[in-house]
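So the structure is just underneath, and the comments pick up after that.
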Amino acid sequence: MESLIELLPQLWKAAGETLYIVGLTLFFGGLGGLIVGLGLYLTRGGSLLANKPVFVVLNLLVNFVRPIPFIIFLAAAQPLARLVVGTGIGNNAIIFTISLAASFAMGRIVEQNLLTVTPGVIEAARSVGAGTARIIFTVLLPEALGPLILGYTFIFVALVDMSAVAGYVGGGGLGNFALLYGYRQFNPIVTWAAVLLIIVLVQLVQYLGNTLARKALRR
């Protein structure tokens, strides 16, 4: 217990790094996922911008990236991270890599949630002359808002999981803290302190996501 008290400054610093990594990856990965998901939905057969070649390419990309275990993807994407952010190690590299992986994972979730929107609502908007952009931002996304919030809440939990391996490429966060000061030092109290902090963080975000989704679904 004394060792945990001594490590409290490092624990809070690690918690801050986890929030930093997950917050930025949720923003970039979530934005990328929204673009990919919209692309999949809009270009599928019978949709607003039906385009089979584009849909096939996007679908293949998503199906190619999603099954790759993240620890392997992290190593495979290191050269690309070096090219884009200038380094293959550290928090910036892990943010880029997680954001890239999350874009494809979130893209499929966004697509599936958009498919729950009743086609009649889209057709009604088209019948009154609404353009594609207007349908997307005033009909499609608002109608799917509740499920989308739940989808992004789910991906937040996955991002926390991905951030736990940041230490393998010189990044920080609670996962790295648990490995460095807990597991490698044979100190289960320190390990469980990090685990409990992650659980509290996930529960808070899950509660917030469920609350916002309920409000969106009641509109």
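Chains: A, B, ... in order of the structure tokens. Residues: from 1 per chain. Ligands: from 1, in order shown.
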
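Contact shell of range 132-134 of chain A at 10 Å (only C-alpha atoms; same-chain neighbours under 6 positions omitted): Leu42, Leu48, Leu49, Ile122, Ala125, Arg126 and Leu140 of chain A.
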
For the selection you just gave me, I'd like the residues written to a file as a PDB file, in the first residue's frame, keeping all heavy atoms.
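Saved to part.pdb:
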```pdb
ATOM      1  N   LEU A  42     -23.827   5.408 -48.201  1.00  0.00           N
ATOM      2  CA  LEU A  42     -24.283   6.196 -49.350  1.00  0.00           C
ATOM      3  C   LEU A  42     -23.994   5.528 -50.685  1.00  0.00           C
ATOM      4  O   LEU A  42     -24.723   5.748 -51.662  1.00  0.00           O
ATOM      5  CB  LEU A  42     -23.630   7.584 -49.327  1.00  0.00           C
ATOM      6  CG  LEU A  42     -24.038   8.499 -48.179  1.00  0.00           C
ATOM      7  CD1 LEU A  42     -23.172   9.752 -48.161  1.00  0.00           C
ATOM      8  CD2 LEU A  42     -25.518   8.890 -48.285  1.00  0.00           C
ATOM      9  N   LEU A  48     -28.357   6.749 -51.719  1.00  0.00           N
ATOM     10  CA  LEU A  48     -28.399   8.091 -52.294  1.00  0.00           C
ATOM     11  C   LEU A  48     -27.330   8.319 -53.361  1.00  0.00           C
ATOM     12  O   LEU A  48     -27.574   9.016 -54.347  1.00  0.00           O
ATOM     13  CB  LEU A  48     -28.231   9.134 -51.177  1.00  0.00           C
ATOM     14  CG  LEU A  48     -29.355   9.196 -50.137  1.00  0.00           C
ATOM     15  CD1 LEU A  48     -28.921  10.060 -48.958  1.00  0.00           C
ATOM     16  CD2 LEU A  48     -30.629   9.739 -50.759  1.00  0.00           C
ATOM     17  N   LEU A  49     -26.136   7.773 -53.149  1.00  0.00           N
ATOM     18  CA  LEU A  49     -25.031   7.950 -54.106  1.00  0.00           C
ATOM     19  C   LEU A  49     -24.487   6.590 -54.520  1.00  0.00           C
ATOM     20  O   LEU A  49     -23.267   6.360 -54.486  1.00  0.00           O
ATOM     21  CB  LEU A  49     -23.919   8.796 -53.478  1.00  0.00           C
ATOM     22  CG  LEU A  49     -24.289  10.219 -53.039  1.00  0.00           C
ATOM     23  CD1 LEU A  49     -23.130  10.853 -52.268  1.00  0.00           C
ATOM     24  CD2 LEU A  49     -24.649  11.083 -54.250  1.00  0.00           C
ATOM     25  N   ILE A 122     -36.180   8.745 -45.709  1.00  0.00           N
ATOM     26  CA  ILE A 122     -35.271   9.251 -46.737  1.00  0.00           C
ATOM     27  C   ILE A 122     -36.039   9.575 -48.009  1.00  0.00           C
ATOM     28  O   ILE A 122     -35.839  10.634 -48.627  1.00  0.00           O
ATOM     29  CB  ILE A 122     -34.160   8.217 -47.047  1.00  0.00           C
ATOM     30  CG1 ILE A 122     -33.450   7.767 -45.759  1.00  0.00           C
ATOM     31  CG2 ILE A 122     -33.178   8.782 -48.052  1.00  0.00           C
ATOM     32  CD1 ILE A 122     -32.689   8.853 -45.057  1.00  0.00           C
ATOM     33  N   ALA A 125     -37.983  12.786 -47.767  1.00  0.00           N
ATOM     34  CA  ALA A 125     -37.128  13.964 -47.922  1.00  0.00           C
ATOM     35  C   ALA A 125     -36.759  14.190 -49.389  1.00  0.00           C
ATOM     36  O   ALA A 125     -36.746  15.331 -49.876  1.00  0.00           O
ATOM     37  CB  ALA A 125     -35.865  13.799 -47.075  1.00  0.00           C
ATOM     38  N   ARG A 126     -36.507  13.102 -50.105  1.00  0.00           N
ATOM     39  CA  ARG A 126     -36.163  13.228 -51.528  1.00  0.00           C
ATOM     40  C   ARG A 126     -37.351  13.716 -52.345  1.00  0.00           C
ATOM     41  O   ARG A 126     -37.188  14.478 -53.297  1.00  0.00           O
ATOM     42  CB  ARG A 126     -35.673  11.880 -52.069  1.00  0.00           C
ATOM     43  CG  ARG A 126     -34.381  11.412 -51.463  1.00  0.00           C
ATOM     44  CD  ARG A 126     -33.955  10.057 -51.970  1.00  0.00           C
ATOM     45  NE  ARG A 126     -33.404  10.098 -53.307  1.00  0.00           N
ATOM     46  CZ  ARG A 126     -32.868   9.051 -53.925  1.00  0.00           C
ATOM     47  NH1 ARG A 126     -32.820   7.874 -53.306  1.00  0.00           N
ATOM     48  NH2 ARG A 126     -32.382   9.153 -55.133  1.00  0.00           N
ATOM     49  N   LEU A 140     -30.844  11.930 -42.027  1.00  0.00           N
ATOM     50  CA  LEU A 140     -30.149  10.668 -41.779  1.00  0.00           C
ATOM     51  C   LEU A 140     -29.439  10.638 -40.422  1.00  0.00           C
ATOM     52  O   LEU A 140     -29.702   9.766 -39.590  1.00  0.00           O
ATOM     53  CB  LEU A 140     -29.149  10.411 -42.906  1.00  0.00           C
ATOM     54  CG  LEU A 140     -28.424   9.063 -42.889  1.00  0.00           C
ATOM     55  CD1 LEU A 140     -29.418   7.919 -43.025  1.00  0.00           C
ATOM     56  CD2 LEU A 140     -27.404   9.015 -44.029  1.00  0.00           C
TER      57      LEU A 140
END
```

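Residues lying within 12 Å of Gly23 in chain A, counting only C-alpha atoms and ignoring same-chain neighbours fewer than 2 positions away, are Ala15, Gly16, Glu17, Thr18, Leu19, Tyr20, Ile21, Thr25, Leu26, Phe27, Phe28, Gly29, Gly30, Ile95, Ile98, Ser99, Tyr152, Ile155, Phe156, Val157, Leu159, Val160, Ser163 and Val205 of chain A.
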
Measuring between only C-alpha atoms, which one of A:Leu141, A:Ala158, A:Leu40, A:Val22 shows the shortest distance to Asn91 in chain A? A:Val22

At a cut-off of 8 Å, using only C-alpha atoms, what residues contact range 62-66 of chain A? Leave out same-chain residues fewer than 4 positions from it and give the result as a ChimeraX atom specification. /A:58,101,104-105,107-108

Find the residue from A:Leu204, A:Val139, A:Phe70, A:Thr191 that sits nearest to Asp161 in chain A; use only C-alpha atoms when measuring. A:Phe70

Per DSSP on the backbone, filter range 105-149 of chain A down to the residues in helix (DSSP H, G or I) and report them as an mmCIF file with N, CA and C atoms, in the first residue's frame.
```cif
data_model
loop_
_atom_site.group_PDB
_atom_site.id
_atom_site.type_symbol
_atom_site.label_atom_id
_atom_site.label_comp_id
_atom_site.auth_asym_id
_atom_site.auth_seq_id
_atom_site.Cartn_x
_atom_site.Cartn_y
_atom_site.Cartn_z
ATOM 1 N N ALA A 105 -13.055 0.400 -37.735
ATOM 2 C CA ALA A 105 -13.974 -0.276 -36.810
ATOM 3 C C ALA A 105 -15.248 0.549 -36.639
ATOM 4 N N MET A 106 -15.070 1.859 -36.445
ATOM 5 C CA MET A 106 -16.217 2.742 -36.256
ATOM 6 C C MET A 106 -17.015 2.892 -37.536
ATOM 7 N N GLY A 107 -16.333 2.823 -38.680
ATOM 8 C CA GLY A 107 -17.025 2.932 -39.964
ATOM 9 C C GLY A 107 -18.103 1.875 -40.128
ATOM 10 N N ARG A 108 -17.781 0.652 -39.719
ATOM 11 C CA ARG A 108 -18.779 -0.427 -39.822
ATOM 12 C C ARG A 108 -19.929 -0.202 -38.862
ATOM 13 N N ILE A 109 -19.630 0.277 -37.662
ATOM 14 C CA ILE A 109 -20.686 0.552 -36.687
ATOM 15 C C ILE A 109 -21.601 1.663 -37.187
ATOM 16 N N VAL A 110 -21.002 2.722 -37.735
ATOM 17 C CA VAL A 110 -21.801 3.836 -38.282
ATOM 18 C C VAL A 110 -22.696 3.336 -39.416
ATOM 19 N N GLU A 111 -22.129 2.542 -40.305
ATOM 20 C CA GLU A 111 -22.922 2.011 -41.425
ATOM 21 C C GLU A 111 -24.129 1.220 -40.919
ATOM 22 N N GLN A 112 -23.890 0.323 -39.961
ATOM 23 C CA GLN A 112 -24.983 -0.509 -39.447
ATOM 24 C C GLN A 112 -26.055 0.335 -38.757
ATOM 25 N N ASN A 113 -25.638 1.384 -38.052
ATOM 26 C CA ASN A 113 -26.606 2.253 -37.385
ATOM 27 C C ASN A 113 -27.411 3.076 -38.388
ATOM 28 N N LEU A 114 -26.768 3.521 -39.445
ATOM 29 C CA LEU A 114 -27.485 4.289 -40.477
ATOM 30 C C LEU A 114 -28.501 3.416 -41.208
ATOM 31 N N PRO A 119 -36.233 3.632 -44.503
ATOM 32 C CA PRO A 119 -36.065 4.152 -45.864
ATOM 33 C C PRO A 119 -37.146 5.149 -46.267
ATOM 34 N N GLY A 120 -38.357 4.976 -45.705
ATOM 35 C CA GLY A 120 -39.453 5.885 -46.041
ATOM 36 C C GLY A 120 -39.158 7.327 -45.669
ATOM 37 N N VAL A 121 -38.395 7.522 -44.582
ATOM 38 C CA VAL A 121 -38.029 8.878 -44.149
ATOM 39 C C VAL A 121 -37.119 9.522 -45.188
ATOM 40 N N ILE A 122 -36.180 8.745 -45.709
ATOM 41 C CA ILE A 122 -35.271 9.251 -46.737
ATOM 42 C C ILE A 122 -36.039 9.575 -48.009
ATOM 43 N N GLU A 123 -36.928 8.674 -48.394
ATOM 44 C CA GLU A 123 -37.717 8.889 -49.607
ATOM 45 C C GLU A 123 -38.610 10.112 -49.481
ATOM 46 N N ALA A 124 -39.163 10.324 -48.301
ATOM 47 C CA ALA A 124 -40.022 11.508 -48.088
ATOM 48 C C ALA A 124 -39.218 12.788 -48.270
ATOM 49 N N ALA A 125 -37.983 12.786 -47.767
ATOM 50 C CA ALA A 125 -37.128 13.964 -47.922
ATOM 51 C C ALA A 125 -36.759 14.190 -49.389
ATOM 52 N N ARG A 126 -36.507 13.102 -50.105
ATOM 53 C CA ARG A 126 -36.163 13.228 -51.528
ATOM 54 C C ARG A 126 -37.351 13.716 -52.345
ATOM 55 N N SER A 127 -38.536 13.302 -51.943
ATOM 56 C CA SER A 127 -39.740 13.671 -52.699
ATOM 57 C C SER A 127 -40.054 15.160 -52.630
ATOM 58 N N THR A 132 -28.756 15.715 -51.375
ATOM 59 C CA THR A 132 -28.058 14.677 -50.604
ATOM 60 C C THR A 132 -27.485 15.213 -49.297
ATOM 61 N N ALA A 133 -26.794 16.360 -49.363
ATOM 62 C CA ALA A 133 -26.181 16.925 -48.158
ATOM 63 C C ALA A 133 -27.238 17.263 -47.115
ATOM 64 N N ARG A 134 -28.338 17.834 -47.565
ATOM 65 C CA ARG A 134 -29.401 18.204 -46.627
ATOM 66 C C ARG A 134 -30.023 16.961 -45.987
ATOM 67 N N ILE A 135 -30.199 15.908 -46.767
ATOM 68 C CA ILE A 135 -30.757 14.660 -46.233
ATOM 69 C C ILE A 135 -29.819 14.074 -45.177
ATOM 70 N N ILE A 136 -28.520 14.112 -45.462
ATOM 71 C CA ILE A 136 -27.537 13.547 -44.524
ATOM 72 C C ILE A 136 -27.578 14.271 -43.184
ATOM 73 N N PHE A 137 -27.555 15.617 -43.229
ATOM 74 C CA PHE A 137 -27.393 16.392 -41.996
ATOM 75 C C PHE A 137 -28.705 16.733 -41.288
ATOM 76 N N THR A 138 -29.823 16.666 -41.985
ATOM 77 C CA THR A 138 -31.102 17.015 -41.340
ATOM 78 C C THR A 138 -32.036 15.824 -41.164
ATOM 79 N N VAL A 139 -31.740 14.725 -41.832
ATOM 80 C CA VAL A 139 -32.621 13.552 -41.719
ATOM 81 C C VAL A 139 -31.844 12.323 -41.252
ATOM 82 N N LEU A 140 -30.844 11.930 -42.027
ATOM 83 C CA LEU A 140 -30.149 10.668 -41.779
ATOM 84 C C LEU A 140 -29.439 10.638 -40.422
ATOM 85 N N LEU A 141 -28.545 11.589 -40.184
ATOM 86 C CA LEU A 141 -27.791 11.599 -38.923
ATOM 87 C C LEU A 141 -28.671 11.861 -37.698
ATOM 88 N N PRO A 142 -29.620 12.830 -37.756
ATOM 89 C CA PRO A 142 -30.508 13.012 -36.597
ATOM 90 C C PRO A 142 -31.349 11.780 -36.280
ATOM 91 N N GLU A 143 -31.824 11.079 -37.310
ATOM 92 C CA GLU A 143 -32.641 9.887 -37.087
ATOM 93 C C GLU A 143 -31.827 8.751 -36.453
ATOM 94 N N LEU A 145 -29.194 9.238 -34.477
ATOM 95 C CA LEU A 145 -28.365 9.819 -33.433
ATOM 96 C C LEU A 145 -28.246 8.931 -32.190
ATOM 97 N N GLY A 146 -29.354 8.392 -31.711
ATOM 98 C CA GLY A 146 -29.327 7.544 -30.518
ATOM 99 C C GLY A 146 -28.402 6.345 -30.672
ATOM 100 N N PRO A 147 -28.619 5.523 -31.720
ATOM 101 C CA PRO A 147 -27.715 4.385 -31.933
ATOM 102 C C PRO A 147 -26.264 4.806 -32.170
ATOM 103 N N LEU A 148 -26.061 5.955 -32.835
ATOM 104 C CA LEU A 148 -24.697 6.425 -33.073
ATOM 105 C C LEU A 148 -23.989 6.768 -31.769
ATOM 106 N N ILE A 149 -24.717 7.385 -30.834
ATOM 107 C CA ILE A 149 -24.130 7.713 -29.533
ATOM 108 C C ILE A 149 -23.706 6.435 -28.817
#
```

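Atom pair CA of Ile5 in chain A / CA of Leu201 in chain A has a distance of 20.2 Å (rounded to one decimal).
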